[in-house]
Every structure is written in C-alpha cells, then in structure tokens.
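J.: Contents of final25.csv (CSV, C-alpha atoms) are below:
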chain,number,residue,atom,x,y,z
A,16,MET,CA,50.0,-17.6,48.8
A,17,MET,CA,49.0,-15.5,51.8
A,18,ILE,CA,51.6,-12.8,50.9
A,19,GLY,CA,50.3,-12.9,47.3
A,20,PHE,CA,46.7,-12.5,48.4
A,21,GLU,CA,47.6,-9.5,50.7
A,22,LEU,CA,49.6,-7.9,47.9
A,23,MET,CA,46.7,-8.4,45.5
A,24,LEU,CA,44.2,-6.7,47.9
A,25,GLY,CA,46.7,-3.8,48.3
A,26,LEU,CA,47.0,-3.4,44.5
A,27,MET,CA,43.2,-3.6,44.1
A,28,LEU,CA,42.8,-0.8,46.6
A,29,LEU,CA,45.3,1.3,44.8
A,30,PHE,CA,43.7,0.7,41.4
A,31,HIS,CA,40.1,1.0,42.7
A,32,ILE,CA,39.1,-2.5,41.6
A,33,TYR,CA,35.7,-3.8,42.8
A,34,LEU,CA,36.0,-1.8,46.0
A,35,LYS,CA,32.6,-2.2,47.5
A,36,SER,CA,31.6,-5.5,45.9
A,37,PHE,CA,34.7,-7.4,46.9
A,38,THR,CA,37.9,-5.6,48.0
A,39,TYR,CA,36.7,-3.8,51.1
A,40,LYS,CA,34.9,-6.9,52.3
A,41,ALA,CA,38.0,-9.1,51.7
A,42,VAL,CA,40.2,-6.7,53.5
A,43,ILE,CA,37.9,-6.7,56.6
A,44,PHE,CA,37.6,-10.5,56.4
A,45,ILE,CA,41.3,-11.2,56.3
A,46,LEU,CA,42.0,-8.6,59.1
A,47,VAL,CA,39.4,-10.4,61.3
A,48,VAL,CA,41.0,-13.7,60.6
A,49,PHE,CA,44.4,-12.3,61.7
A,50,ILE,CA,42.9,-10.9,64.9
A,51,VAL,CA,41.4,-14.3,65.8
A,52,TYR,CA,44.7,-16.0,65.0
A,53,LEU,CA,46.7,-13.4,67.1
A,54,GLY,CA,44.2,-13.9,70.0
A,55,VAL,CA,44.9,-17.6,69.9
A,56,VAL,CA,48.6,-16.9,70.0
A,57,ILE,CA,48.2,-14.7,73.0
A,58,LEU,CA,46.1,-17.3,74.8
A,59,LYS,CA,48.7,-20.0,74.1
A,60,GLN,CA,52.0,-18.2,74.3
A,61,GLY,CA,51.3,-14.8,75.9
A,62,ASN,CA,51.9,-11.3,74.4
A,63,THR,CA,55.5,-11.9,73.6
A,64,GLY,CA,57.7,-12.2,70.5
A,65,ASN,CA,57.3,-10.8,67.1
A,66,CYS,CA,54.0,-11.5,65.3
A,67,GLY,CA,55.8,-11.3,61.9
A,68,CYS,CA,53.3,-8.8,60.4
A,69,PHE,CA,56.2,-6.8,59.0
A,70,GLY,CA,58.6,-9.6,58.7
A,71,ASP,CA,62.0,-8.7,60.1
A,72,ALA,CA,61.7,-5.0,59.3
A,73,VAL,CA,59.5,-4.0,62.3
A,74,ALA,CA,59.0,-6.1,65.4
A,75,MET,CA,55.5,-6.0,66.8
A,76,THR,CA,53.8,-7.9,69.6
A,77,PRO,CA,50.6,-9.8,68.9
A,78,MET,CA,48.5,-7.3,70.9
A,79,ALA,CA,50.1,-4.4,69.0
A,80,ALA,CA,49.2,-6.2,65.8
A,81,ILE,CA,45.6,-6.7,66.9
A,82,ILE,CA,45.3,-2.9,67.7
A,83,LYS,CA,46.8,-2.1,64.3
A,84,ASN,CA,44.4,-4.5,62.5
A,85,MET,CA,41.4,-3.0,64.4
A,86,ILE,CA,42.5,0.5,63.3
A,87,MET,CA,42.8,-0.7,59.7
A,88,ILE,CA,39.3,-2.2,59.9
A,89,GLY,CA,38.0,1.2,61.1
A,90,ILE,CA,39.7,3.0,58.2
A,91,THR,CA,38.3,0.4,55.7
A,92,LEU,CA,34.7,0.9,57.0
A,93,ILE,CA,35.1,4.7,56.7
A,94,LEU,CA,36.2,4.3,53.1
A,95,PHE,CA,33.4,1.9,52.4
A,96,TYR,CA,30.7,4.4,53.5
A,97,LEU,CA,32.3,7.7,52.5
A,98,TYR,CA,34.6,7.2,49.5
A,99,PRO,CA,32.9,7.5,46.2
A,100,VAL,CA,33.5,4.5,43.9
A,101,LYS,CA,34.0,5.2,40.2
A,102,PRO,CA,34.2,2.0,38.2
A,103,TYR,CA,36.0,2.1,34.9
A,104,LYS,CA,36.2,0.0,31.7
A,105,PHE,CA,38.3,-3.1,31.5
A,106,GLN,CA,38.8,-3.3,35.3
A,107,GLU,CA,38.3,-7.1,35.1
A,108,TYR,CA,41.4,-7.4,32.9
A,109,VAL,CA,43.3,-5.1,35.2
A,110,CYS,CA,42.2,-7.3,38.1
A,111,LEU,CA,43.4,-10.4,36.4
A,112,LEU,CA,46.8,-8.9,35.6
A,113,LEU,CA,47.2,-7.6,39.2
A,114,GLY,CA,46.3,-11.0,40.6
A,115,LEU,CA,48.8,-12.8,38.3
A,116,VAL,CA,51.6,-10.4,39.3
A,117,ALA,CA,50.7,-10.5,43.0
A,118,PHE,CA,50.6,-14.3,43.3
A,119,SER,CA,53.8,-14.7,41.1
A,120,LEU,CA,56.1,-12.3,42.8
A,121,PRO,CA,56.5,-14.0,46.2
A,122,TYR,CA,57.5,-17.3,44.5
A,123,ILE,CA,59.9,-15.5,42.1
A,124,PHE,CA,61.7,-13.6,44.8
A,125,ASN,CA,61.6,-16.3,47.5
A,126,PRO,CA,61.3,-19.8,45.8
A,127,ILE,CA,60.0,-22.5,48.0
A,128,TYR,CA,62.4,-25.3,49.0
A,129,THR,CA,60.5,-28.4,50.1
A,130,GLY,CA,63.5,-30.6,51.0
A,131,THR,CA,64.1,-31.5,54.6
A,132,GLU,CA,67.3,-33.6,54.3
A,133,PRO,CA,70.5,-32.1,55.6
A,134,LYS,CA,73.6,-31.9,53.5
A,135,PRO,CA,76.4,-34.4,54.1
A,136,CYS,CA,79.5,-32.7,55.4
A,137,HIS,CA,82.2,-35.0,56.9
A,138,LYS,CA,84.5,-32.3,58.2
A,139,PRO,CA,86.4,-32.2,61.5
A,140,ILE,CA,85.5,-29.5,64.0
A,141,ASN,CA,87.4,-28.5,67.2
A,142,LEU,CA,84.9,-27.7,70.0
A,143,SER,CA,87.5,-27.4,72.7
A,144,PRO,CA,87.4,-23.6,72.7
A,145,LEU,CA,83.9,-23.9,74.2
A,146,TYR,CA,85.5,-25.3,77.4
A,147,ALA,CA,88.4,-22.7,77.6
A,148,PHE,CA,86.5,-20.0,79.4
A,149,ASP,CA,84.8,-19.6,82.8
A,150,SER,CA,81.3,-20.3,81.3
A,151,ILE,CA,81.2,-23.8,79.7
A,152,PRO,CA,78.4,-25.9,78.2
A,153,ASN,CA,76.5,-28.0,80.8
A,154,VAL,CA,76.8,-31.0,78.5
A,155,GLU,CA,79.9,-32.6,76.9
A,156,LEU,CA,79.6,-31.6,73.2
A,157,ARG,CA,82.8,-33.2,72.2
A,158,THR,CA,81.5,-36.8,72.5
A,159,GLY,CA,78.4,-38.3,71.1
A,160,LYS,CA,75.9,-36.8,68.7
A,161,HIS,CA,74.7,-33.2,69.0
A,162,ILE,CA,72.9,-30.8,66.8
A,163,ILE,CA,74.6,-27.5,67.4
A,164,SER,CA,73.4,-24.2,66.1
A,165,PHE,CA,75.9,-21.4,66.0
A,166,MET,CA,73.9,-18.1,66.0
A,167,SER,CA,74.3,-14.4,66.4
A,168,LEU,CA,72.0,-12.4,68.8
A,169,THR,CA,71.5,-9.7,66.1
A,170,CYS,CA,70.8,-12.1,63.1
A,171,PRO,CA,67.1,-12.2,62.0
A,172,HIS,CA,67.6,-15.6,60.4
A,173,CYS,CA,69.1,-16.9,63.7
A,174,LYS,CA,66.0,-15.7,65.5
A,175,LYS,CA,63.8,-17.7,63.1
A,176,ALA,CA,66.1,-20.7,63.6
A,177,ALA,CA,65.9,-20.4,67.4
A,178,HIS,CA,62.1,-20.1,67.2
A,179,LEU,CA,61.8,-23.3,65.2
A,180,PHE,CA,64.3,-25.1,67.4
A,181,ASN,CA,62.2,-24.1,70.4
A,182,ILE,CA,59.1,-25.8,68.9
A,183,ILE,CA,61.2,-28.9,68.1
A,184,HIS,CA,62.7,-29.0,71.6
A,185,HIS,CA,59.3,-28.6,73.2
A,186,GLU,CA,57.9,-31.5,71.2
A,187,HIS,CA,61.0,-33.7,71.2
A,188,PRO,CA,62.9,-32.8,74.4
A,189,ASP,CA,65.3,-35.8,74.0
A,190,LEU,CA,66.9,-34.4,70.9
A,191,PRO,CA,70.4,-33.2,71.8
A,192,ILE,CA,70.0,-29.6,70.5
A,193,TYR,CA,72.4,-26.9,71.7
A,194,PHE,CA,72.9,-23.2,70.9
A,195,VAL,CA,76.2,-21.5,70.8
A,196,LEU,CA,75.5,-17.7,70.7
A,197,THR,CA,77.6,-14.7,70.0
A,198,GLY,CA,77.0,-11.0,70.6
A,199,PRO,CA,76.6,-8.4,73.3
A,200,LYS,CA,75.4,-9.9,76.6
A,201,PRO,CA,72.6,-7.2,77.0
A,202,LEU,CA,71.0,-8.6,73.8
A,203,VAL,CA,70.5,-12.1,75.3
A,204,SER,CA,67.2,-11.3,77.1
A,205,ASN,CA,65.7,-9.7,73.9
A,206,PHE,CA,66.8,-12.6,71.8
A,207,PHE,CA,65.0,-15.1,74.1
A,208,LYS,CA,62.0,-12.8,74.6
A,209,GLU,CA,61.5,-12.8,70.8
A,210,THR,CA,62.3,-16.4,70.1
A,211,GLU,CA,60.9,-17.9,73.3
A,212,SER,CA,63.8,-20.4,73.1
A,213,GLN,CA,65.4,-19.9,76.5
A,214,ASN,CA,64.6,-23.5,77.5
A,215,VAL,CA,66.9,-24.8,74.8
A,216,PRO,CA,70.4,-25.5,76.2
A,217,HIS,CA,72.7,-22.7,75.2
A,218,LEU,CA,76.0,-20.8,75.9
A,219,LEU,CA,76.9,-17.2,75.2
A,220,PHE,CA,80.4,-17.7,73.8
A,221,PRO,CA,82.8,-14.7,74.4
A,222,SER,CA,85.5,-15.3,71.7
A,223,HIS,CA,84.6,-14.0,68.2
A,224,ASP,CA,87.6,-15.5,66.5
A,225,ASP,CA,87.0,-19.0,67.9
A,226,PHE,CA,83.3,-18.7,67.1
A,227,LYS,CA,84.2,-17.9,63.5
A,228,ASN,CA,86.7,-20.8,63.3
A,229,MET,CA,84.0,-23.3,64.4
A,230,ILE,CA,81.6,-21.9,61.8
A,231,ASP,CA,84.3,-22.1,59.1
A,232,ALA,CA,84.9,-25.8,60.0
A,233,GLY,CA,81.8,-26.8,58.1
A,234,VAL,CA,82.2,-24.4,55.1
A,235,ASP,CA,83.1,-25.8,51.7
A,236,SER,CA,85.9,-24.4,49.6
A,237,GLY,CA,84.8,-21.1,48.0
A,238,GLU,CA,81.9,-20.6,50.4
A,239,ALA,CA,81.6,-17.9,53.0
A,240,GLY,CA,80.7,-18.9,56.5
A,241,GLY,CA,77.6,-17.4,58.0
A,242,VAL,CA,75.0,-17.8,60.7
A,243,PRO,CA,72.9,-19.6,61.6
A,244,ALA,CA,75.4,-22.5,61.1
A,245,ILE,CA,73.6,-25.7,62.0
A,246,TYR,CA,75.9,-28.7,62.4
A,247,TRP,CA,75.0,-32.3,63.1
A,248,ILE,CA,78.2,-33.3,65.0
A,249,CYS,CA,79.3,-36.8,66.1
A,250,ASN,CA,82.3,-36.7,68.4
A,251,ASP,CA,84.8,-34.4,66.5
A,252,THR,CA,83.2,-34.6,63.0
A,253,ILE,CA,80.4,-32.6,61.3
A,254,GLN,CA,78.5,-35.4,59.7
A,255,TYR,CA,75.7,-33.1,58.3
A,256,LYS,CA,74.8,-29.5,58.1
A,257,SER,CA,71.4,-27.9,57.4
A,258,THR,CA,69.5,-24.7,57.1
A,259,TYR,CA,66.8,-23.8,59.6
A,260,TYR,CA,64.1,-24.7,57.1
A,261,GLN,CA,65.4,-28.2,56.8
A,262,LEU,CA,64.8,-29.1,60.4
A,263,ASP,CA,62.8,-32.3,60.3
A,264,PRO,CA,62.4,-33.9,63.7
A,265,ALA,CA,61.9,-37.4,62.2
A,266,ILE,CA,65.3,-37.2,60.4
A,267,MET,CA,67.0,-35.7,63.4
A,268,GLU,CA,65.7,-38.5,65.7
A,269,ALA,CA,66.7,-41.1,63.1
A,270,TRP,CA,70.3,-39.7,63.0
A,271,VAL,CA,70.6,-39.6,66.8
A,272,ASN,CA,69.2,-43.0,67.4
A,273,HIS,CA,70.7,-45.1,64.6
A,274,LYS,CA,74.4,-45.8,64.4
A,275,ASP,CA,74.3,-46.7,60.7
A,276,PHE,CA,72.1,-43.7,59.7
A,277,LYS,CA,73.1,-42.4,56.3
A,278,LEU,CA,71.4,-40.1,53.9
A,279,LYS,CA,71.8,-40.3,50.2
A,280,GLU,CA,74.6,-38.0,49.0
A,281,ARG,CA,73.0,-35.2,47.1
A,282,LYS,CA,73.9,-32.0,45.3
A,283,ASP,CA,72.3,-28.6,46.2
Do you think you could lay out the structure here as structure tokens?
T.:
Amino acid sequence: MMIGFELMLGLMLLFHIYLKSFTYKAVIFILVVFIVYLGVVILKQGNTGNCGCFGDAVAMTPMAAIIKNMIMIGITLILFYLYPVKPYKFQEYVCLLLGLVAFSLPYIFNPIYTGTEPKPCHKPINLSPLYAFDSIPNVELRTGKHIISFMSLTCPHCKKAAHLFNIIHHEHPDLPIYFVLTGPKPLVSNFFKETESQNVPHLLFPSHDDFKNMIDAGVDSGEAGGVPAIYWICNDTIQYKSTYYQLDPAIMEAWVNHKDFKLKERKD
C-alpha cells in the first residue's frame, strides 16, 4: 500500500492533479514521516545497511536517504510557491483512475503471500563437505536439528533473508540458525555491513560444486536450485524447506523443541 501511495503521488505530480490543495502537501508529509523513521533507525541501529528507498537497485544509507528526502522537500516547496497551477476539466476522474492503477499494480506484480508454514521436504542431504576444508562450522550440523540457510554474498534476496534471520536470532538466540555462504571473500564485510547479521553463526564455504550439491539436495524434480535455500535439517534429512518470507519464529521453535512436530502436508 505504501508503494501504491507513493506511485499515486508521483502520477498526480506528472498529471498536475490537485497540486497545491493536496499533492504537494502529501509529498512533504510523507517525506517528513520517512525522515523521522530513518532518524529512529539511525538511533537504534546506526547509519549502516541499506534503507531500501530504491529497493535492491541502489543501496543507500539512512543518513543519505534523509539528505535525499530533505532535498526533495526543498524542491517541492519551490514548486509550491513558483510553479503556476493550471487546473483542467475532469481531473477528479483522472485522479480516480490514477489511484486505482497505482494501488493495483504493486499487488499485481508482487502478490502478497501470507502463509508462514514451511514446505515438507523429506530428502537426504550430505553435509560432510562442510567439514572437509580447513575452516569448518563451529557446531556439528550433521546431528540434531538446524535451520541452515545457503546464501550467496551477491544475491539481493539472500541479503533480505540474512537481515530477517538477524532479527530472529537477536530475539530468539536459542534457535539453531546457521549460514553457509558462497562468494568472493572480499565481499563478506559488505554483506554483513548491509545485513547486520554477523552475529549469526556462519561459514564461508570455498567449494562451489559441493555448495550446489547441497542446495540441489532439497530441490524437487523439475525445479532449479537457487539461493537462498533455507533447509530445516534433522540429522541427515531435510524435513522442511522455506522461503525467507516464511520465517515464523513460533513455528521454528515448535519444530526444534518438539520431537513429534509435524505440519499438515500442503501444495504450493
């Protein structure tokens, strides 16, 4: 809805709809709200990471976003006092059409999934390659229950997953979460700087082929393996797999703590 509202304001600026009576004021208001929010983020987390103003296309720190928003407020005020407004007929109908389009498009191109249950998998996985090199995990992942996220240092979706895992790890430190990362070593610092997930137990794994084999272990026939691959592993078996927007701490804790935990089999 926020994306739709911003898109509507942009369209109303382009089509000169209710500029002084509503649009300019709404633009300034929403920019002030963003500035206050970013200020809170800086106070709580520091001026690190990506504010998400431009999604994955352009990374921007919270302070840079505040400066950008202040410049936009200045430009909007200049337009408010200097730009001549020329109302035209039927603009209320144009406004209605633009609003419908703006609020519909985000849901059409990115439908909301509200489920939080992981998908049952029941496939074997060989984690021994993780212990075949000089650097090995500081926990034994081949026994017991672990939620392992296989991620690439260059993958934007992996960064989102890492950020969410960091929040869960901070609030539920007893959950056995582990990152297996792949990619050039110089990118590690940037990955953790952006996701703030350096406190989550992790390993930079050097073998691309073994990394791919572990990912493919949880892939169904006809599917292509990809990252982030989030597997809920018990001993040598992937019991469940999930996407990063299905990470429900309550379900994760129930799976870890209950031997007879079982979700209802479902179809995607």
J.: Determine, counting all atoms listed in the file, which protein, DNA and RNA residues have an atom within 12 Å of an atom of segment 83-90 of chain A; residues of the same chain fewer than 5 positions away are not included. Present the result as a PyMOL selection string.
T.: chain A and resi 39-53+66+68-69+75-78+95-98
J.: Using all atoms listed in the file, which of the listed residues (A:Pro171, A:Gly67, A:Pro126, A:Pro191) sits closest to Pro216 of chain A?
T.: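 Closest candidate: A:Pro191.
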J.: Could you please give me, as a short mmCIF file (atom, residue, chain, number, x, y, z; two decimals) with C-alpha atoms, in the frame of the given file, the residues of protein, DNA or RNA lying at most 10 Å from (69.3, -19.1, 72.2) in the coordinate frame of the file, considering all atoms listed in the file?
T.:
data_model
loop_
_atom_site.label_atom_id
_atom_site.label_comp_id
_atom_site.auth_asym_id
_atom_site.auth_seq_id
_atom_site.Cartn_x
_atom_site.Cartn_y
_atom_site.Cartn_z
CA SER A 164 73.40 -24.20 66.10
CA PHE A 165 75.90 -21.40 66.00
CA MET A 166 73.90 -18.10 66.00
CA SER A 167 74.30 -14.40 66.40
CA LEU A 168 72.00 -12.40 68.80
CA CYS A 173 69.10 -16.90 63.70
CA LYS A 174 66.00 -15.70 65.50
CA ALA A 176 66.10 -20.70 63.60
CA ALA A 177 65.90 -20.40 67.40
CA HIS A 178 62.10 -20.10 67.20
CA PHE A 180 64.30 -25.10 67.40
CA ASN A 181 62.20 -24.10 70.40
CA TYR A 193 72.40 -26.90 71.70
CA PHE A 194 72.90 -23.20 70.90
CA VAL A 195 76.20 -21.50 70.80
CA LEU A 196 75.50 -17.70 70.70
CA THR A 197 77.60 -14.70 70.00
CA VAL A 203 70.50 -12.10 75.30
CA SER A 204 67.20 -11.30 77.10
CA PHE A 206 66.80 -12.60 71.80
CA PHE A 207 65.00 -15.10 74.10
CA LYS A 208 62.00 -12.80 74.60
CA THR A 210 62.30 -16.40 70.10
CA GLU A 211 60.90 -17.90 73.30
CA SER A 212 63.80 -20.40 73.10
CA GLN A 213 65.40 -19.90 76.50
CA ASN A 214 64.60 -23.50 77.50
CA VAL A 215 66.90 -24.80 74.80
CA PRO A 216 70.40 -25.50 76.20
CA HIS A 217 72.70 -22.70 75.20
CA LEU A 218 76.00 -20.80 75.90
CA LEU A 219 76.90 -17.20 75.20
#
J.: For Lys256 of chain A, work out the shell of residues within 10 Å, counting only C-alpha atoms and skipping chain neighbours fewer than 5 positions away, then give it as a PyMOL selection string.
T.: chain A and resi 132-137+162-164+233-234+244-248+261
J.: How many Å separate atom CA of Pro243 of chain A from atom CA of Cys170 of chain A?
T.: 7.9 Å
J.: From (62.4, -37.2, 58.9), in the file's coordinates, out to 12 Å: which residues are reached, counting all atoms listed in the file? Answer as a list of chain:residue names.
T.: A:Gly130, A:Thr131, A:Glu132, A:Pro133, A:Gln261, A:Leu262, A:Asp263, A:Pro264, A:Ala265, A:Ile266, A:Met267, A:Glu268, A:Ala269, A:Trp270, A:Val271, A:Phe276, A:Leu278
J.: Please indicate the distance in Å from atom CA of Pro139 of chain A to atom CA of Ala232 of chain A, rounded to one decimal place.
T.: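 Interatomic distance, atom CA of Pro139 of chain A to atom CA of Ala232 of chain A: 6.7 Å.
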J.: Could you tell me how far atom CA of Ala80 of chain A lies from atom CA of Ile18 of chain A, in Å and to one decimal?
T.: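 Calculated distance between atom CA of Ala80 of chain A and atom CA of Ile18 of chain A is 16.5 Å.
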